[in-house]
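Read the structure below first, then the notes.
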Amino acid sequence: MSLGASLRRGPSVVEGWLRRHDPGLAATRRAARTALVMPALFALCIQVLHSPTMASFAAFGSFSMLLLVDFSGTMVERLRAQVGLAVAWAVLICVGTLVARVTWLAVGTTLVVAFAVLFSGVVSSVLAGSATALLLAFVLPVATPAPLAQLPDRLLGAGLAALAALPAITLLWPRPVADPLSAPAVRVCRAAAEFLRADDVAAGAGQSSETAEYRAAVDRAATAHADLLKAFAATPYRPTGLSTTSRTLVRLVDELSWLYTVLTDQPTYDAEPPNCDPAARVARLAVADVLDRTADLLTDLSGDIGKLHACVRELQAAMAAMEEGSTARLPVAQPVGETPTELYTFISTLDVSFRAMELSFAALQIAANVELAAAAWQRSWPSRLLGREPGALRRPLASARERAAAHLGWGSVWLHNSLRGAIGLAIAVLAADGTGVQHAFWVLLGTLSVLRSNALNTGQNAMRAVVGTVVGSIIGAGLLQLIGHHGNVLWFLLPVAILIAGIAPSAISFTAGQVAFTVTLVVLFNIGQNPDWHIVLLRIQDIALGCAVSIFVALLFWPRGAAAAMNKALAQAYADSAAYLSSAVDYALGHADTAEGGSPPADPASQSRTAAASARRLDDTFRTYLAERGAKPLSLADTTALVTGVAGLRLAADSVVALWQRSGSGRAPLTTAQAADQTTDQSTVQATAQATAQTEAHRAVLGTADQVTSWYRGLAESIDRRVPLPAPTALHPESAARLVESVRTDLTDPDGRATATAVRIIWTADHLHVARRLQPGLAAAVNGSMVNATSSPAPVG
């Protein structure tokens, strides 16, 4: 190969390596911007403005605002986030400068500010991703005490960095506008629609569901669902912000997972499967149309919402027709035997329509969320400015309060990590002041960079940080020796060092990042003066002190991290979700009572919010658990199955509530003759008999609900306390017999057909059986994780 060809091939080799090790070139993009802006600002402040203070804050400000953050969303949202970050920097610089000269005040303020910054990340992924950049804004002034006369120079330096950051993110290799969840969510919607149509073609032709087209649709749906879960779990915090669009899109993950579960849940029948329900078939095809229109709108949020509205109306009409037809499909006039097979065959008559109703509910929920996201995206500027939310979505401040309140419990891993980080930085401030080190900022930076969610990870990072610092110091000292008195060469080395320091942590390793960052600091602190390699010794000393503080704090406060909290978070989530399901059934049967003149049912909104808060805590704990290095005391596959099961249980409760909310009072419409009949004594006797029979139906459903939710409470206790897990809930033919008898004999209208209330009661029981069918898989996951945990040196929990 010629020299020219080798030279031409060189850049492509580098680009290929970067693309393999830096997905999307995200780190490369941030590093390239910083390598251009940071040296330029530093040169401006040193060579033109002759202000070392301004230069330091401009350099570290641009480092924070360009390298440590990379906001997502539209360009307007990114610019707004950058402006917010700049304002926060100004406030934190003022606070840090004011308290830095009094040790006890600096320590106390560090504790408060660090906790506030770290804990606020639970509210929004934007704040979570900005935590290090925000802490740097406070750590830099609090670690370098100075007279208040220097505050203007500090603010001007940070202001220059903020002003430079705005055009940099706009013009210098701007980040593509893409939501991490949108593309995989679109693929799930498309694949689910294809699945439903392939299934309909096979059923219409009388073919087996195991056709090539059907299997291909199943595979596409499974792949799309796996990609969605992978994208959702790819960050150490939930990929959601406080914007309306972000809050609605993140809900799609659970809803699309539930949709996939319903699609792939194939029931088994002891006898012949129920006959095809034409109305259910129409509803399933309407679901496919809704999912396709949802995918279209999700692909382009500025698209026409009216097309989705039309499909939703068609689906709602199909659901109403299916519900009305189901009253005629129940064979209430035919005798039913007493064997379990005969009883469950009667109930399974509505199985096809029930599954179509499940799919319809999931599709309507998905469509509603995407419609809200599109409506928020299409708001006018005045509406955005005034914070007007589309639909009934809660305002950002109320949502933020709810998210923060969910993590104020002592079992929250996010709370643990926030307290650990705040205490670590406060101790680092105290240690730096007590030891009188020359560069206290490096001590705090060392603590901040290596402190992790458990002692093992912190210790490993501390070792890597020290090794990286030593290697970087040796390289930096060698460069200074080679340069000698030619200090201007450092200006040319600075952009290269920044570029490598920005890419190395993501593309190579944490240790390589520490090496490159140390070289960058050596170059930066020697520019404009005679090169002095002795600074590298101070760097090693300060980083070692910061790492020692981190290890001390990690060993003292929740040393086992998320692994110790995982079981408790799972147990609480299952307990709260089971309570929500129980309340949802009470709400459903209360609606049925209202149809007979009873009092209105209690809305389970409070239980729903409690279950959602527990699910959020579990999600954050699980993400932290995944991010922790070392052997996992819990099987990853089993733990993932248990986390997914929480969403299934909660959405089963949502389905029950939605089923009865659509029903109004639950009373079926009456004809004029029927209304007149109700004024007679005979109709009064019949109403009394219906109320008595309905009570029997209630008892049957309540009994099933109690058995199902009791098992989930037992599951929570087994996970938390390592007690034996009860056997999955078995079918109880006696309850089914009471339900069938009440439906056949008394929950009928004067024409002898089943009432709409009877159909909904059976569908409510079906939702409970869906929750029951989840139990064997969850039991296997719990038993597997407990076996794995007992082989570990320490118990989990």
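The way I read the labels, and the way they are meant: chains A, B, ... in the order of the structure tokens, residue 1 as the first residue of every chain, and ligand 1 as the first ligand shown, with later ones counted on from there.
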
Compile the contact shell of A:Gln365 as a CSV table (one decimal) with N, CA and C atoms, in the first residue's frame: residues with an atom at most 10 Å away, counting only C-alpha atoms, same-chain residues fewer than 3 positions apart removed.
chain,number,residue,atom,x,y,z
A,251,ARG,N,-44.2,7.3,29.7
A,251,ARG,CA,-45.3,6.4,30.1
A,251,ARG,C,-45.5,5.3,29.1
A,252,LEU,N,-45.1,5.5,27.8
A,252,LEU,CA,-45.3,4.5,26.8
A,252,LEU,C,-44.6,3.2,27.1
A,255,GLU,N,-46.8,0.9,29.0
A,255,GLU,CA,-48.0,0.6,28.3
A,255,GLU,C,-47.7,-0.3,27.1
A,256,LEU,N,-46.6,0.0,26.4
A,256,LEU,CA,-46.2,-0.9,25.2
A,256,LEU,C,-45.8,-2.3,25.7
A,359,LEU,N,-56.6,-5.4,24.6
A,359,LEU,CA,-55.8,-4.8,23.6
A,359,LEU,C,-56.4,-3.4,23.3
A,360,SER,N,-57.7,-3.2,23.3
A,360,SER,CA,-58.3,-1.9,23.0
A,360,SER,C,-57.9,-0.9,24.1
A,361,PHE,N,-58.0,-1.3,25.4
A,361,PHE,CA,-57.6,-0.4,26.5
A,361,PHE,C,-56.2,0.0,26.3
A,362,ALA,N,-55.3,-1.0,26.1
A,362,ALA,CA,-53.9,-0.6,26.0
A,362,ALA,C,-53.6,0.4,24.8
A,368,ALA,N,-53.7,8.0,23.7
A,368,ALA,CA,-53.9,9.2,24.5
A,368,ALA,C,-52.6,9.9,24.9
A,369,ASN,N,-51.6,9.1,25.3
A,369,ASN,CA,-50.3,9.7,25.6
A,369,ASN,C,-49.6,10.3,24.5
A,370,VAL,N,-49.6,9.7,23.3
A,370,VAL,CA,-49.0,10.2,22.1
A,370,VAL,C,-49.7,11.5,21.7
A,371,GLU,N,-51.1,11.5,21.8
A,371,GLU,CA,-51.8,12.7,21.4
A,371,GLU,C,-51.5,13.9,22.3
A,655,SER,N,-56.6,-1.3,34.1
A,655,SER,CA,-57.6,-1.9,33.1
A,655,SER,C,-58.9,-2.0,33.8
A,658,ALA,N,-60.5,1.4,34.2
A,658,ALA,CA,-60.9,2.0,33.0
A,658,ALA,C,-62.2,1.3,32.5

Stretch 639-643 of chain A environment, 10 Å, only C-alpha atoms, sequence neighbours closer than 3 positions dropped, as a PDB file with N, CA, C and O atoms, in the first residue's frame:
ATOM      1  N   MET A 566     -32.538  -3.356  46.669  1.00  0.00           N
ATOM      2  CA  MET A 566     -33.325  -3.882  45.563  1.00  0.00           C
ATOM      3  C   MET A 566     -34.511  -4.698  46.058  1.00  0.00           C
ATOM      4  O   MET A 566     -35.638  -4.556  45.565  1.00  0.00           O
ATOM      5  N   ASN A 567     -34.266  -5.580  47.019  1.00  0.00           N
ATOM      6  CA  ASN A 567     -35.355  -6.421  47.525  1.00  0.00           C
ATOM      7  C   ASN A 567     -36.455  -5.593  48.174  1.00  0.00           C
ATOM      8  O   ASN A 567     -37.648  -5.848  47.986  1.00  0.00           O
ATOM      9  N   ALA A 569     -37.222  -2.460  47.593  1.00  0.00           N
ATOM     10  CA  ALA A 569     -37.951  -1.707  46.570  1.00  0.00           C
ATOM     11  C   ALA A 569     -38.928  -2.612  45.824  1.00  0.00           C
ATOM     12  O   ALA A 569     -40.067  -2.217  45.534  1.00  0.00           O
ATOM     13  N   LEU A 570     -38.498  -3.836  45.506  1.00  0.00           N
ATOM     14  CA  LEU A 570     -39.393  -4.783  44.852  1.00  0.00           C
ATOM     15  C   LEU A 570     -40.583  -5.123  45.749  1.00  0.00           C
ATOM     16  O   LEU A 570     -41.739  -5.135  45.297  1.00  0.00           O
ATOM     17  N   ALA A 571     -40.294  -5.410  47.020  1.00  0.00           N
ATOM     18  CA  ALA A 571     -41.365  -5.781  47.940  1.00  0.00           C
ATOM     19  C   ALA A 571     -42.380  -4.663  48.091  1.00  0.00           C
ATOM     20  O   ALA A 571     -43.600  -4.896  48.071  1.00  0.00           O
ATOM     21  N   ALA A 573     -43.032  -2.236  46.007  1.00  0.00           N
ATOM     22  CA  ALA A 573     -43.758  -2.039  44.746  1.00  0.00           C
ATOM     23  C   ALA A 573     -44.858  -3.079  44.580  1.00  0.00           C
ATOM     24  O   ALA A 573     -45.977  -2.752  44.147  1.00  0.00           O
ATOM     25  N   TYR A 574     -44.559  -4.323  44.909  1.00  0.00           N
ATOM     26  CA  TYR A 574     -45.593  -5.362  44.797  1.00  0.00           C
ATOM     27  C   TYR A 574     -46.699  -5.166  45.830  1.00  0.00           C
ATOM     28  O   TYR A 574     -47.885  -5.354  45.521  1.00  0.00           O
ATOM     29  N   ALA A 615     -43.320   2.277  41.992  1.00  0.00           N
ATOM     30  CA  ALA A 615     -42.729   1.801  40.735  1.00  0.00           C
ATOM     31  C   ALA A 615     -41.575   2.695  40.301  1.00  0.00           C
ATOM     32  O   ALA A 615     -40.560   2.205  39.788  1.00  0.00           O
ATOM     33  N   LEU A 618     -38.610   1.854  42.439  1.00  0.00           N
ATOM     34  CA  LEU A 618     -38.049   0.584  41.995  1.00  0.00           C
ATOM     35  C   LEU A 618     -37.234   0.770  40.724  1.00  0.00           C
ATOM     36  O   LEU A 618     -36.140   0.206  40.584  1.00  0.00           O
ATOM     37  N   ASP A 619     -37.745   1.558  39.798  1.00  0.00           N
ATOM     38  CA  ASP A 619     -37.041   1.784  38.545  1.00  0.00           C
ATOM     39  C   ASP A 619     -35.684   2.432  38.792  1.00  0.00           C
ATOM     40  O   ASP A 619     -34.665   2.013  38.228  1.00  0.00           O
ATOM     41  N   PHE A 622     -33.353  -0.107  40.374  1.00  0.00           N
ATOM     42  CA  PHE A 622     -32.923  -1.105  39.397  1.00  0.00           C
ATOM     43  C   PHE A 622     -31.841  -0.540  38.480  1.00  0.00           C
ATOM     44  O   PHE A 622     -30.862  -1.226  38.160  1.00  0.00           O
ATOM     45  N   LEU A 634     -28.177 -10.873  42.975  1.00  0.00           N
ATOM     46  CA  LEU A 634     -29.458 -11.249  42.381  1.00  0.00           C
ATOM     47  C   LEU A 634     -29.253 -11.520  40.897  1.00  0.00           C
ATOM     48  O   LEU A 634     -28.532 -10.798  40.218  1.00  0.00           O
ATOM     49  N   SER A 635     -29.911 -12.581  40.394  1.00  0.00           N
ATOM     50  CA  SER A 635     -29.831 -12.883  38.975  1.00  0.00           C
ATOM     51  C   SER A 635     -30.438 -11.740  38.180  1.00  0.00           C
ATOM     52  O   SER A 635     -31.542 -11.272  38.472  1.00  0.00           O
ATOM     53  N   LEU A 636     -29.710 -11.299  37.141  1.00  0.00           N
ATOM     54  CA  LEU A 636     -30.200 -10.173  36.348  1.00  0.00           C
ATOM     55  C   LEU A 636     -31.491 -10.543  35.624  1.00  0.00           C
ATOM     56  O   LEU A 636     -32.441  -9.758  35.574  1.00  0.00           O
ATOM     57  N   VAL A 646     -44.157  -5.948  38.131  1.00  0.00           N
ATOM     58  CA  VAL A 646     -44.803  -4.841  38.846  1.00  0.00           C
ATOM     59  C   VAL A 646     -45.649  -4.021  37.887  1.00  0.00           C
ATOM     60  O   VAL A 646     -46.798  -3.665  38.179  1.00  0.00           O
ATOM     61  N   ALA A 647     -45.084  -3.719  36.717  1.00  0.00           N
ATOM     62  CA  ALA A 647     -45.833  -2.946  35.722  1.00  0.00           C
ATOM     63  C   ALA A 647     -47.068  -3.708  35.269  1.00  0.00           C
ATOM     64  O   ALA A 647     -48.152  -3.128  35.095  1.00  0.00           O
ATOM     65  N   GLY A 648     -46.954  -5.036  35.092  1.00  0.00           N
ATOM     66  CA  GLY A 648     -48.104  -5.829  34.677  1.00  0.00           C
ATOM     67  C   GLY A 648     -49.217  -5.809  35.699  1.00  0.00           C
ATOM     68  O   GLY A 648     -50.396  -5.669  35.353  1.00  0.00           O
ATOM     69  N   GLY A 777     -44.537 -17.519  36.723  1.00  0.00           N
ATOM     70  CA  GLY A 777     -43.274 -16.956  36.251  1.00  0.00           C
ATOM     71  C   GLY A 777     -42.572 -16.134  37.312  1.00  0.00           C
ATOM     72  O   GLY A 777     -41.344 -16.199  37.467  1.00  0.00           O
ATOM     73  N   LEU A 778     -43.341 -15.357  38.077  1.00  0.00           N
ATOM     74  CA  LEU A 778     -42.757 -14.554  39.149  1.00  0.00           C
ATOM     75  C   LEU A 778     -42.231 -15.446  40.270  1.00  0.00           C
ATOM     76  O   LEU A 778     -41.184 -15.167  40.856  1.00  0.00           O
ATOM     77  N   ALA A 779     -42.967 -16.508  40.569  1.00  0.00           N
ATOM     78  CA  ALA A 779     -42.515 -17.445  41.611  1.00  0.00           C
ATOM     79  C   ALA A 779     -41.188 -18.086  41.211  1.00  0.00           C
ATOM     80  O   ALA A 779     -40.277 -18.234  42.034  1.00  0.00           O
ATOM     81  N   ALA A 780     -41.071 -18.467  39.935  1.00  0.00           N
ATOM     82  CA  ALA A 780     -39.810 -19.051  39.464  1.00  0.00           C
ATOM     83  C   ALA A 780     -38.673 -18.040  39.563  1.00  0.00           C
ATOM     84  O   ALA A 780     -37.547 -18.389  39.934  1.00  0.00           O
ATOM     85  N   ALA A 781     -38.968 -16.764  39.242  1.00  0.00           N
ATOM     86  CA  ALA A 781     -37.938 -15.729  39.333  1.00  0.00           C
ATOM     87  C   ALA A 781     -37.505 -15.514  40.773  1.00  0.00           C
ATOM     88  O   ALA A 781     -36.305 -15.359  41.060  1.00  0.00           O
ATOM     89  N   VAL A 782     -38.457 -15.493  41.707  1.00  0.00           N
ATOM     90  CA  VAL A 782     -38.117 -15.307  43.120  1.00  0.00           C
ATOM     91  C   VAL A 782     -37.296 -16.480  43.625  1.00  0.00           C
ATOM     92  O   VAL A 782     -36.268 -16.310  44.293  1.00  0.00           O
ATOM     93  N   GLY A 784     -35.465 -18.507  41.902  1.00  0.00           N
ATOM     94  CA  GLY A 784     -34.146 -18.469  41.283  1.00  0.00           C
ATOM     95  C   GLY A 784     -33.247 -17.431  41.906  1.00  0.00           C
ATOM     96  O   GLY A 784     -32.064 -17.678  42.162  1.00  0.00           O
ATOM     97  N   SER A 785     -33.787 -16.259  42.187  1.00  0.00           N
ATOM     98  CA  SER A 785     -32.967 -15.199  42.768  1.00  0.00           C
ATOM     99  C   SER A 785     -32.583 -15.537  44.204  1.00  0.00           C
ATOM    100  O   SER A 785     -31.490 -15.213  44.655  1.00  0.00           O
TER     101      SER A 785
END

* **Pick from A:Ile540, A:Trp558, A:Val553, A:Asp654, whichever lies nearest to A:Val585 using only C-alpha atoms** =>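 Among the listed residues, the smallest separation from A:Val585 belongs to A:Asp654.
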
* Give me the residues within 12 Å of stretch 104-111 of chain A as a PyMOL selection string, counting only C-alpha atoms and dropping any in the same chain fewer than 4 places off. => chain A and resi 92+95-100+115-119+135-145+418-434+444

* Asked: Which is closer to A:Asp706 than all the others in A:Arg220, A:Arg772, A:Arg30, A:Arg20, using only C-alpha atoms?
  ->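 The shortest atom-to-atom distance to A:Asp706 comes from A:Arg772.
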
* Can you tell me how far atom CA of A:Ser606 sits from atom CA of A:Leu715, in Å to one decimal? ->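 If I compute the distance from atom CA of A:Ser606 to atom CA of A:Leu715, I get 22.5 Å.
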
List every residue of stretch 39-89 of chain A that has an atom at most 8 Å from any atom of stretch 148-159 of chain A, giving for each one its closest atom pair and the distance in Å to one decimal, counting only C-alpha atoms, sorted by chain and then by ascending residue number, as CSV.
residue,atom,partner,partner_atom,distance
A:Cys45,CA,A:Gly157,CA,7.9
A:Ser51,CA,A:Asp153,CA,7.7
A:Thr53,CA,A:Arg154,CA,6.2
A:Met54,CA,A:Gly157,CA,4.3
A:Ala55,CA,A:Gly157,CA,6.2
A:Ser56,CA,A:Gly157,CA,7.4
A:Phe57,CA,A:Gly157,CA,4.9
A:Ala58,CA,A:Gly157,CA,4.2
A:Ala59,CA,A:Gly157,CA,7.9
A:Gly61,CA,A:Ala158,CA,5.3
A:Ser62,CA,A:Ala158,CA,7.8
A:Ala86,CA,A:Gly159,CA,7.3
A:Trp89,CA,A:Ala158,CA,7.3

* To do: Between atom CA of A:Ala35 and atom CA of A:Val515, measure the distance and give it in Å to one decimal.
  =>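 Straight-line distance from atom CA of A:Ala35 to atom CA of A:Val515 works out to 16.7 Å.
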
* Asked: Any idea what the distance is between atom CA of A:Val123 and atom CA of A:Ala400?
  -> 5.3 Å

* **Close residues, A:Ala356 itself excluded, 9 Å, only C-alpha atoms, min 2 positions apart in chain, as a ChimeraX atom specification** => /A:280-281,283-284,287,319,322,351-354,358-361

* Which residues come within 6 Å of A:Cys547, counting only C-alpha atoms, excluding same-chain residues fewer than 2 positions away, as number ranges by chain? -> A: 446-447, 462, 544-545, 549-550

* Counting only C-alpha atoms, what is within 12 Å of A:Ile483, bar same-chain residues fewer than 2 positions away, as an MDAnalysis selection string? -> chainID A and resid 476:481 485:493 523 526:527 530:533
